[in-house]
>>> print(open('query25.cif').read())   # mmCIF, C-alpha atoms
data_input
loop_
_atom_site.label_atom_id
_atom_site.label_comp_id
_atom_site.auth_asym_id
_atom_site.auth_seq_id
_atom_site.Cartn_x
_atom_site.Cartn_y
_atom_site.Cartn_z
CA MET O 1026 3.85 -12.82 124.52
CA THR O 1027 7.03 -14.17 123.05
CA GLN O 1028 5.28 -17.32 121.79
CA THR O 1029 2.54 -15.27 120.30
CA ASN O 1030 5.04 -13.11 118.46
CA SER O 1031 6.92 -16.20 117.33
CA ARG O 1032 3.74 -17.80 116.04
CA ALA O 1033 2.76 -14.61 114.30
CA ALA O 1034 6.22 -14.42 112.76
CA LYS O 1035 5.91 -17.96 111.54
CA ILE O 1036 2.50 -17.24 110.13
CA LEU O 1037 3.83 -14.16 108.41
CA PHE O 1038 6.80 -16.13 107.14
CA ILE O 1039 4.51 -18.87 105.79
CA ALA O 1040 2.25 -16.24 104.24
CA ALA O 1041 5.23 -14.56 102.69
CA VAL O 1042 6.48 -17.84 101.35
CA LEU O 1043 3.04 -18.62 99.93
CA SER O 1044 2.81 -15.15 98.44
CA ILE O 1045 6.21 -15.51 96.88
CA GLY O 1046 5.19 -18.95 95.46
CA ALA O 1047 1.99 -17.53 94.11
CA LEU O 1048 3.89 -14.60 92.69
CA LEU O 1049 6.39 -16.96 91.07
CA ALA O 1050 3.56 -19.09 89.66
CA ALA O 1051 1.92 -15.94 88.31
CA LEU O 1052 5.22 -14.80 86.81
CA ILE O 1053 5.68 -18.24 85.19
CA ALA O 1054 2.15 -18.14 83.80
CA LEU O 1055 2.69 -14.57 82.60
CA ASN O 1056 5.94 -15.58 80.87
CA ALA O 1057 4.17 -18.51 79.20
CA GLY O 1058 1.39 -16.16 78.04
CA ASN O 1059 3.93 -13.65 76.78
CA SER O 1060 5.73 -16.41 74.87
CA LYS O 1061 2.46 -17.47 73.28
CA LEU O 1062 1.55 -13.87 72.50
CA LYS O 1063 5.03 -13.31 71.05
CA SER O 1064 4.69 -16.47 68.93
CA ASP O 1065 1.25 -15.37 67.71
CA LEU O 1066 2.63 -11.90 67.04
CA ASP O 1067 5.54 -13.36 65.03
CA ASN O 1068 3.16 -15.52 63.02
CA ARG O 1069 0.98 -12.53 62.27
CA VAL O 1070 4.02 -10.45 61.31
CA GLN O 1071 5.14 -13.20 58.90
CA SER O 1072 1.62 -13.45 57.45
CA LEU O 1073 1.54 -9.68 57.07
CA ALA O 1074 4.97 -9.75 55.36
CA LYS O 1075 3.77 -12.46 52.96
CA ALA O 1076 0.57 -10.54 52.25
CA THR O 1077 2.62 -7.36 51.68
CA ALA O 1078 4.97 -9.21 49.32
CA ALA O 1079 2.00 -10.71 47.46
CA GLY O 1080 0.40 -7.26 47.25
CA ALA O 1081 3.66 -5.80 45.92
CA GLU O 1082 3.87 -8.55 43.32
CA LEU O 1083 0.27 -7.89 42.30
CA ASP O 1084 0.99 -4.15 42.12
CA ASN O 1085 4.08 -4.83 39.97
CA ALA O 1086 2.08 -7.17 37.75
CA LEU O 1087 -0.69 -4.57 37.46
CA ARG O 1088 1.81 -1.80 36.61
CA LYS O 1089 3.47 -4.09 34.06
CA VAL O 1090 0.12 -4.94 32.49
CA LYS O 1091 -0.84 -1.26 32.41
CA THR O 1092 2.51 -0.42 30.80
CA GLU O 1093 2.01 -3.14 28.19
CA TYR O 1094 -1.52 -1.89 27.62
CA THR O 1095 -0.23 1.67 27.07
CA ASP O 1096 2.46 0.41 24.66
CA LEU O 1097 -0.08 -1.66 22.78
CA GLN O 1098 -2.42 1.32 22.59
CA LYS O 1099 0.42 3.41 21.11
CA LYS O 1100 1.26 0.66 18.62
CA LEU O 1101 -2.43 0.34 17.76
CA GLU O 1102 -2.56 4.09 17.11
CA GLU O 1103 0.56 3.80 14.94
CA ILE O 1104 -1.00 0.90 13.00
CA THR O 1105 -4.21 2.92 12.65
CA ALA O 1106 -2.22 5.88 11.29
CA GLN O 1107 -0.36 3.54 8.92
CA ARG O 1108 -3.68 2.07 7.82
CA GLN O 1109 -5.03 5.55 7.13
CA GLN O 1110 -1.89 6.35 5.14
CA LEU O 1111 -2.34 3.07 3.30
CA ASP O 1112 -5.97 3.97 2.55
CA VAL O 1113 -4.75 7.28 1.11
CA GLN O 1114 -2.13 5.40 -0.93
CA VAL O 1115 -4.76 2.91 -2.13
CA LYS O 1116 -7.01 5.80 -3.17
CA GLY O 1117 -4.04 7.31 -4.97
CA LEU O 1118 -3.35 3.97 -6.61
CA LEU O 1119 -6.96 3.73 -7.72
CA SER O 1120 -6.72 7.20 -9.27
CA ASP O 1121 -3.39 6.12 -10.80
CA ARG O 1122 -5.10 3.03 -12.15
CA ASP O 1123 -7.76 5.21 -13.79
CA LEU O 1124 -4.94 7.39 -15.11
CA ALA O 1125 -3.18 4.28 -16.37
CA ARG O 1126 -6.33 3.17 -18.16
CA LYS O 1127 -6.57 6.64 -19.66
CA LEU O 1128 -2.91 6.46 -20.63
CA GLU O 1129 -3.52 3.02 -22.10
CA GLY O 1130 -6.29 4.54 -24.24
CA GLU O 1131 -3.99 7.38 -25.21
CA ARG O 1132 -1.28 4.84 -26.01
CA GLU O 1133 -3.68 3.00 -28.29
CA THR O 1134 -4.59 6.34 -29.88
CA LEU O 1135 -0.90 7.19 -30.27
CA LYS O 1136 -0.32 3.75 -31.72
CA ALA O 1137 -3.08 4.36 -34.26
CA ASP O 1138 -1.65 7.83 -34.96
CA LYS O 1139 1.77 6.24 -35.34
CA GLU O 1140 0.38 3.80 -37.88
CA ILE O 1141 -1.30 6.70 -39.72
CA VAL O 1142 1.93 8.69 -39.63
CA GLN O 1143 3.83 5.62 -40.82
CA LYS O 1144 1.41 5.26 -43.70
CA GLN O 1145 1.75 8.97 -44.46
CA LYS O 1146 5.50 8.56 -44.23
CA GLU O 1147 5.38 5.65 -46.67
CA ALA O 1148 3.07 7.66 -48.98
CA ALA O 1149 5.40 10.66 -48.72
CA GLU O 1150 8.38 8.43 -49.45
CA LYS O 1151 6.55 6.97 -52.42
CA ALA O 1152 5.60 10.47 -53.62
CA ARG O 1153 9.19 11.58 -53.11
CA LEU O 1154 10.44 8.68 -55.21
CA GLU O 1155 7.88 9.49 -57.89
CA LEU O 1156 8.89 13.16 -57.68
CA ASP O 1157 12.56 12.21 -57.95
CA ALA O 1158 11.70 10.14 -61.00
CA GLN O 1159 9.75 13.04 -62.48
CA ILE O 1160 12.58 15.46 -61.67
CA ALA O 1161 15.10 13.09 -63.23
CA ALA O 1162 12.88 12.85 -66.33
CA LEU O 1163 12.55 16.63 -66.43
CA LYS O 1164 16.28 17.03 -65.98
CA ASP O 1165 16.80 14.67 -68.91
CA LYS O 1166 14.26 16.63 -70.87
CA ILE O 1167 15.94 19.90 -69.89
CA ARG O 1168 19.32 18.52 -70.91
CA GLY O 1169 17.77 17.50 -74.20
CA LEU O 1170 16.25 20.97 -74.59
CA GLU O 1171 19.54 22.57 -73.68
CA THR O 1172 21.22 20.35 -76.30
CA VAL O 1173 18.56 21.43 -78.79
CA GLN O 1174 19.04 25.04 -77.74
CA VAL O 1175 22.81 24.76 -78.21
CA GLN O 1176 22.23 23.08 -81.54
CA LEU O 1177 19.76 25.84 -82.50
CA TYR O 1178 22.26 28.49 -81.48
CA LYS O 1179 24.83 26.72 -83.64
CA GLU O 1180 22.33 26.48 -86.49
CA LYS O 1181 21.47 30.13 -85.94
CA GLU O 1182 25.11 31.07 -86.24
CA GLN O 1183 25.41 28.85 -89.26
CA VAL O 1184 22.28 30.44 -90.70
CA ALA O 1185 23.67 33.88 -89.94
CA ALA O 1186 26.91 32.91 -91.63
CA SER O 1187 24.96 31.42 -94.51
CA LEU O 1188 22.83 34.56 -94.64
CA THR O 1189 25.88 36.70 -94.83
CA GLU O 1190 27.28 34.45 -97.48
CA LEU O 1191 23.98 34.39 -99.39
CA ARG O 1192 23.68 38.07 -99.01
CA ASP O 1193 26.85 38.32 -100.78
CA LYS O 1194 25.86 35.76 -103.42
CA THR O 1195 22.10 36.11 -103.80
CA GLY O 1196 19.34 38.61 -103.31
CA VAL O 1197 18.48 40.22 -99.98
CA LYS O 1198 14.73 39.39 -99.94
CA LYS O 1199 15.24 35.67 -100.07
CA LEU O 1200 17.67 35.87 -97.25
CA GLU O 1201 15.30 38.04 -95.20
CA ASP O 1202 12.49 35.49 -95.68
CA GLU O 1203 14.72 32.68 -94.57
CA ASN O 1204 15.86 34.77 -91.66
CA ALA O 1205 12.24 35.47 -90.61
CA ALA O 1206 11.42 31.75 -90.78
CA LEU O 1207 14.44 30.97 -88.68
CA LYS O 1208 13.45 33.66 -86.13
CA LYS O 1209 9.95 32.21 -85.93
CA GLU O 1210 11.32 28.74 -85.36
CA ASN O 1211 13.78 30.10 -82.82
CA GLY O 1212 10.94 31.90 -81.01
CA ALA O 1213 8.90 28.66 -80.81
CA LEU O 1214 11.91 26.84 -79.48
CA SER O 1215 12.55 29.63 -76.92
CA LYS O 1216 8.91 29.45 -75.84
CA SER O 1217 9.15 25.69 -75.37
CA LEU O 1218 12.36 26.17 -73.40
CA ASN O 1219 10.71 28.79 -71.17
CA GLN O 1220 7.75 26.50 -70.54
CA ALA O 1221 10.09 23.67 -69.65
CA GLN O 1222 12.01 25.92 -67.26
CA SER O 1223 8.71 27.07 -65.69
CA GLU O 1224 7.59 23.48 -65.20
CA LEU O 1225 10.99 22.69 -63.72
CA GLU O 1226 10.61 25.56 -61.21
CA LYS O 1227 7.13 24.33 -60.29
CA LEU O 1228 8.45 20.81 -59.77
CA LYS O 1229 11.31 22.17 -57.68
CA ASN O 1230 8.84 24.13 -55.53
CA GLN O 1231 6.62 21.08 -55.21
CA GLU O 1232 9.63 18.97 -54.21
CA SER O 1233 10.66 21.57 -51.60
CA LYS O 1234 7.12 21.64 -50.20
CA LEU O 1235 6.97 17.84 -50.08
CA ARG O 1236 10.35 17.72 -48.34
CA GLU O 1237 9.15 20.30 -45.78
CA ASP O 1238 5.94 18.33 -45.17
CA PHE O 1239 8.00 15.18 -44.82
CA LYS O 1240 10.23 16.88 -42.21
CA LYS O 1241 7.16 18.07 -40.27
CA GLN O 1242 5.58 14.62 -40.35
CA SER O 1243 8.90 13.07 -39.26
CA ALA O 1244 9.13 15.55 -36.37
CA LYS O 1245 5.54 14.76 -35.34
CA LEU O 1246 6.31 11.05 -35.55
CA GLU O 1247 9.41 11.48 -33.37
CA ASP O 1248 7.41 13.50 -30.81
CA ALA O 1249 4.70 10.84 -30.84
CA GLU O 1250 7.26 8.08 -30.31
CA LYS O 1251 8.91 10.01 -27.44
CA ASN O 1252 5.50 10.63 -25.85
CA LEU O 1253 4.63 6.96 -26.29
CA GLN O 1254 7.91 5.90 -24.65
CA GLU O 1255 7.32 8.31 -21.75
CA GLN O 1256 3.78 7.03 -21.28
CA ALA O 1257 5.08 3.44 -21.38
CA ARG O 1258 7.70 4.30 -18.73
CA LYS O 1259 5.06 5.90 -16.49
CA PHE O 1260 2.74 2.95 -17.02
CA LYS O 1261 5.54 0.51 -16.12
CA ALA O 1262 6.31 2.48 -12.93
CA PHE O 1263 2.62 2.50 -12.06
CA GLU O 1264 2.39 -1.26 -12.65
CA GLN O 1265 5.34 -1.79 -10.27
CA THR O 1266 3.64 0.40 -7.64
CA TYR O 1267 0.37 -1.46 -8.18
CA VAL O 1268 2.19 -4.80 -7.71
CA ASP O 1269 3.98 -3.61 -4.53
CA ALA O 1270 0.83 -2.20 -2.92
CA PRO O 1271 -0.85 -5.59 -2.10
CA LEU O 1272 2.43 -6.76 -0.49
CA LYS O 1273 2.49 -3.69 1.75
CA CYS O 1274 -1.18 -4.20 2.56
CA ALA O 1275 -0.56 -7.85 3.45
CA ASP O 1276 2.40 -6.88 5.68
CA LEU O 1277 0.34 -4.27 7.54
CA ALA O 1278 -2.52 -6.75 7.84
CA ARG O 1279 -0.18 -9.31 9.43
CA GLN O 1280 1.16 -6.69 11.85
CA ASN O 1281 -2.40 -5.62 12.65
CA LYS O 1282 -3.46 -9.21 13.36
CA THR O 1283 -0.46 -9.71 15.65
CA LEU O 1284 -1.25 -6.51 17.52
CA ILE O 1285 -4.92 -7.46 17.86
CA ARG O 1286 -3.98 -10.90 19.21
CA ARG O 1287 -1.56 -9.35 21.74
CA THR O 1288 -4.21 -6.83 22.83
CA ALA O 1289 -6.73 -9.67 23.25
CA ASN O 1290 -4.20 -11.59 25.37
CA MET O 1291 -3.65 -8.50 27.49
CA HIS O 1292 -7.41 -8.15 28.13
CA TYR O 1293 -7.52 -11.87 28.94
CA ASN O 1294 -4.69 -11.47 31.52
CA MET O 1295 -6.47 -8.47 33.05
CA GLY O 1296 -9.66 -10.54 33.27
CA VAL O 1297 -7.77 -13.29 35.12
CA PHE O 1298 -6.25 -10.69 37.46
CA TYR O 1299 -9.64 -9.11 38.28
CA THR O 1300 -11.14 -12.58 38.77
CA LYS O 1301 -8.48 -13.36 41.37
CA GLN O 1302 -9.26 -10.01 43.03
CA LYS O 1303 -12.99 -10.95 42.99
CA GLU O 1304 -13.81 -7.90 40.89
CA TYR O 1305 -16.11 -9.86 38.62
CA SER O 1306 -17.71 -6.96 36.73
CA ARG O 1307 -14.28 -5.73 35.65
CA ALA O 1308 -13.22 -9.29 34.81
CA ILE O 1309 -16.33 -9.73 32.63
CA SER O 1310 -15.58 -6.43 30.85
CA GLU O 1311 -11.98 -7.51 30.12
CA PHE O 1312 -12.97 -10.98 28.86
CA GLU O 1313 -15.67 -9.46 26.65
CA LYS O 1314 -13.06 -7.09 25.15
CA ALA O 1315 -10.83 -10.13 24.55
CA VAL O 1316 -13.54 -12.02 22.59
CA GLN O 1317 -14.38 -8.86 20.65
CA LEU O 1318 -10.78 -8.69 19.42
CA ALA O 1319 -10.37 -12.49 19.11
CA PRO O 1320 -13.77 -14.11 18.48
CA ASP O 1321 -12.18 -17.59 18.57
CA ASP O 1322 -10.67 -17.20 22.08
CA ALA O 1323 -12.13 -20.29 23.79
CA ALA O 1324 -10.47 -19.58 27.17
CA SER O 1325 -12.16 -16.18 27.47
CA TYR O 1326 -15.56 -17.72 26.68
CA PHE O 1327 -14.99 -20.38 29.35
CA ASN O 1328 -14.01 -17.80 31.97
CA LEU O 1329 -17.07 -15.70 31.17
CA GLY O 1330 -19.31 -18.75 31.48
CA TYR O 1331 -17.62 -19.79 34.72
CA ILE O 1332 -18.04 -16.32 36.29
CA TYR O 1333 -21.73 -16.19 35.33
CA ALA O 1334 -22.22 -19.76 36.55
CA GLU O 1335 -20.36 -19.63 39.88
CA TYR O 1336 -20.31 -15.98 40.95
CA ILE O 1337 -23.01 -13.97 39.15
CA GLN O 1338 -25.55 -16.85 39.16
CA HIS O 1339 -26.86 -16.08 35.67
CA ARG O 1340 -27.36 -19.52 34.15
CA GLN O 1341 -28.63 -18.37 30.73
CA ARG O 1342 -25.57 -16.19 30.15
CA ALA O 1343 -23.31 -18.97 31.44
CA ILE O 1344 -24.87 -21.49 29.02
CA GLU O 1345 -24.44 -19.05 26.09
CA TYR O 1346 -20.75 -18.53 26.86
CA PHE O 1347 -20.16 -22.25 27.46
CA ARG O 1348 -21.70 -22.97 24.04
CA LYS O 1349 -19.28 -20.47 22.49
CA TYR O 1350 -16.44 -22.12 24.43
CA LEU O 1351 -17.37 -25.59 23.12
CA GLN O 1352 -17.58 -24.16 19.60
CA TYR O 1353 -13.93 -23.03 19.63
CA ALA O 1354 -12.32 -25.24 22.30
CA ASP O 1355 -9.95 -28.07 21.55
CA LYS O 1356 -11.55 -31.51 21.87
CA ASN O 1357 -8.84 -32.60 24.30
CA ASP O 1358 -9.40 -29.63 26.62
CA LYS O 1359 -10.11 -30.90 30.15
CA ASP O 1360 -12.78 -28.22 30.76
CA THR O 1361 -15.05 -29.31 27.91
CA ASP O 1362 -16.63 -32.11 29.97
CA TRP O 1363 -17.40 -29.71 32.82
CA ALA O 1364 -19.01 -27.21 30.44
CA LYS O 1365 -21.10 -29.94 28.78
CA LYS O 1366 -22.29 -31.26 32.14
CA TYR O 1367 -23.27 -27.75 33.24
CA ILE O 1368 -25.27 -27.14 30.06
CA LEU O 1369 -27.01 -30.52 30.24
CA THR O 1370 -27.76 -30.16 33.95
CA TRP O 1371 -29.39 -26.75 33.79
CA GLN O 1372 -31.20 -27.41 30.51
CA ALA O 1373 -32.71 -30.54 32.08
CA TRP O 1374 -33.56 -28.49 35.17
CA ASP O 1375 -35.31 -25.75 33.20
CA GLY O 1376 -36.89 -28.16 30.71
CA LYS O 1377 -37.37 -25.34 28.16
CA GLN O 1378 -35.07 -26.63 25.40
CA PRO O 1379 -34.56 -30.20 24.17
CA MET O 1380 -31.14 -31.59 25.06
#
>>> encode(input="query25.cif", output="structure tokens")
Amino acid sequence: MTQTNSRAAKILFIAAVLSIGALLAALIALNAGNSKLKSDLDNRVQSLAKATAAGAELDNALRKVKTEYTDLQKKLEEITAQRQQLDVQVKGLLSDRDLARKLEGERETLKADKEIVQKQKEAAEKARLELDAQIAALKDKIRGLETVQVQLYKEKEQVAASLTELRDKTGVKKLEDENAALKKENGALSKSLNQAQSELEKLKNQESKLREDFKKQSAKLEDAEKNLQEQARKFKAFEQTYVDAPLKCADLARQNKTLIRRTANMHYNMGVFYTKQKEYSRAISEFEKAVQLAPDDAASYFNLGYIYAEYIQHRQRAIEYFRKYLQYADKNDKDTDWAKKYILTWQAWDGKQPM
């Protein structure tokens, strides 16, 4: 009984030892598996962290591109508003040009009127000189008449004295006859003097009228000259505005071209981004917008051809875009050979067009 118990104890001890060994082996294997699982888990965590970082970078790039797109849209709206303002200014300048042509015609008319007024002025000056000469002649004549009148008065006094003396010496009838003759002669002289004075008054009135007309013509001439100077000043200001307008147009055109090129580059970058994300329809839309804004953008044509060739499997479209690419691409571009080989390969395959 004791031996049996001893043997059973040994067997149990051996079994326990074997169980413990198996358990230890299992624990070792489990630790090894856990280490491998932990290593795999660490690798996956690192891959996930890299993917998350790449996604964050892509999100940042996308937000940056969207921000640039929004800014460019705002600038494009500002340029559009400036262009509309410029169109309004150009229309105003065109109306100003018509006004300037009208003013030029009016200036020519004023110039002709000025010449006419100058001729009238010269004629009036000539008439004034002639009138002055006539007035001087009349004044001389009047002075002569006044001298004659004074002399006649003196003769009349002498005659009266002689008449008184003769009255005393001779008969009254003879003296009365002589007195009547002298009165008749005096009346004729008085009549001539009155006519001369009347003519002098007429000449004075004519001179006053001519002087008044001359003042009016001079005033009109001064007004015409002032108006002509004002029109010339306005025309000069309009000419300066007309000269400055093309410069402003050229500056806005340069800004517009720069903005269009930047917008095309933005659409190109978006196309590259969507291509990397395998969103080919969006990429095609962006590249097409880029070539609409910049028809000589060879890179956009190549990317369109490449997408249709490799991803969409539309050979005809790919060949069309590759032809556009070869039309604008630099001869030293490394992608030109690839595009040429693609065109030649599929044209030979289809056999529809001569190579």
>>> resolve_selection(input="query25.cif", expression="the PyMOL selection byres ((chain O and resi 1291) around 10)", output="ChimeraX atom specification")
/O:1090-1091,1093-1094,1097,1285-1290,1292-1297,1311-1312,1314-1315
>>> closest_residue(input="query25.cif", among="O:Lys1075, O:Lys1061, O:Lys1282, O:Lys1303", to="Tyr1336 of chain O", atoms="all atoms listed in the file")
O:Lys1303
>>> residues_around(input="query25.cif", residues="Arg1340 of chain O", least_positions_apart="3", cutoff="12 Å", atoms="only C-alpha atoms", output="ChimeraX atom specification")
/O:1329-1337,1343-1347,1364,1367-1372,1374-1375
>>> write_last_selection(input="query25.cif", atoms="C-alpha atoms", output="PDB file, in the frame of the given file")
ATOM      1  CA  LEU O1329     -17.070 -15.700  31.170  1.00  0.00           C
ATOM      2  CA  GLY O1330     -19.310 -18.750  31.480  1.00  0.00           C
ATOM      3  CA  TYR O1331     -17.620 -19.790  34.720  1.00  0.00           C
ATOM      4  CA  ILE O1332     -18.040 -16.320  36.290  1.00  0.00           C
ATOM      5  CA  TYR O1333     -21.730 -16.190  35.330  1.00  0.00           C
ATOM      6  CA  ALA O1334     -22.220 -19.760  36.550  1.00  0.00           C
ATOM      7  CA  GLU O1335     -20.360 -19.630  39.880  1.00  0.00           C
ATOM      8  CA  TYR O1336     -20.310 -15.980  40.950  1.00  0.00           C
ATOM      9  CA  ILE O1337     -23.010 -13.970  39.150  1.00  0.00           C
ATOM     10  CA  ALA O1343     -23.310 -18.970  31.440  1.00  0.00           C
ATOM     11  CA  ILE O1344     -24.870 -21.490  29.020  1.00  0.00           C
ATOM     12  CA  GLU O1345     -24.440 -19.050  26.090  1.00  0.00           C
ATOM     13  CA  TYR O1346     -20.750 -18.530  26.860  1.00  0.00           C
ATOM     14  CA  PHE O1347     -20.160 -22.250  27.460  1.00  0.00           C
ATOM     15  CA  ALA O1364     -19.010 -27.210  30.440  1.00  0.00           C
ATOM     16  CA  TYR O1367     -23.270 -27.750  33.240  1.00  0.00           C
ATOM     17  CA  ILE O1368     -25.270 -27.140  30.060  1.00  0.00           C
ATOM     18  CA  LEU O1369     -27.010 -30.520  30.240  1.00  0.00           C
ATOM     19  CA  THR O1370     -27.760 -30.160  33.950  1.00  0.00           C
ATOM     20  CA  TRP O1371     -29.390 -26.750  33.790  1.00  0.00           C
ATOM     21  CA  GLN O1372     -31.200 -27.410  30.510  1.00  0.00           C
ATOM     22  CA  TRP O1374     -33.560 -28.490  35.170  1.00  0.00           C
ATOM     23  CA  ASP O1375     -35.310 -25.750  33.200  1.00  0.00           C
TER      24      ASP O1375
END
>>> atom_distance(input="query25.cif", atom1="atom CA of Lys1301 of chain O", atom2="atom CA of Leu1066 of chain O")
28.0 Å
>>> atom_distance(input="query25.cif", atom1="atom CA of Asp1362 of chain O", atom2="atom CA of His1339 of chain O")
19.9 Å
>>> atom_distance(input="query25.cif", atom1="atom CA of Ala1324 of chain O", atom2="atom CA of Tyr1350 of chain O")
7.0 Å
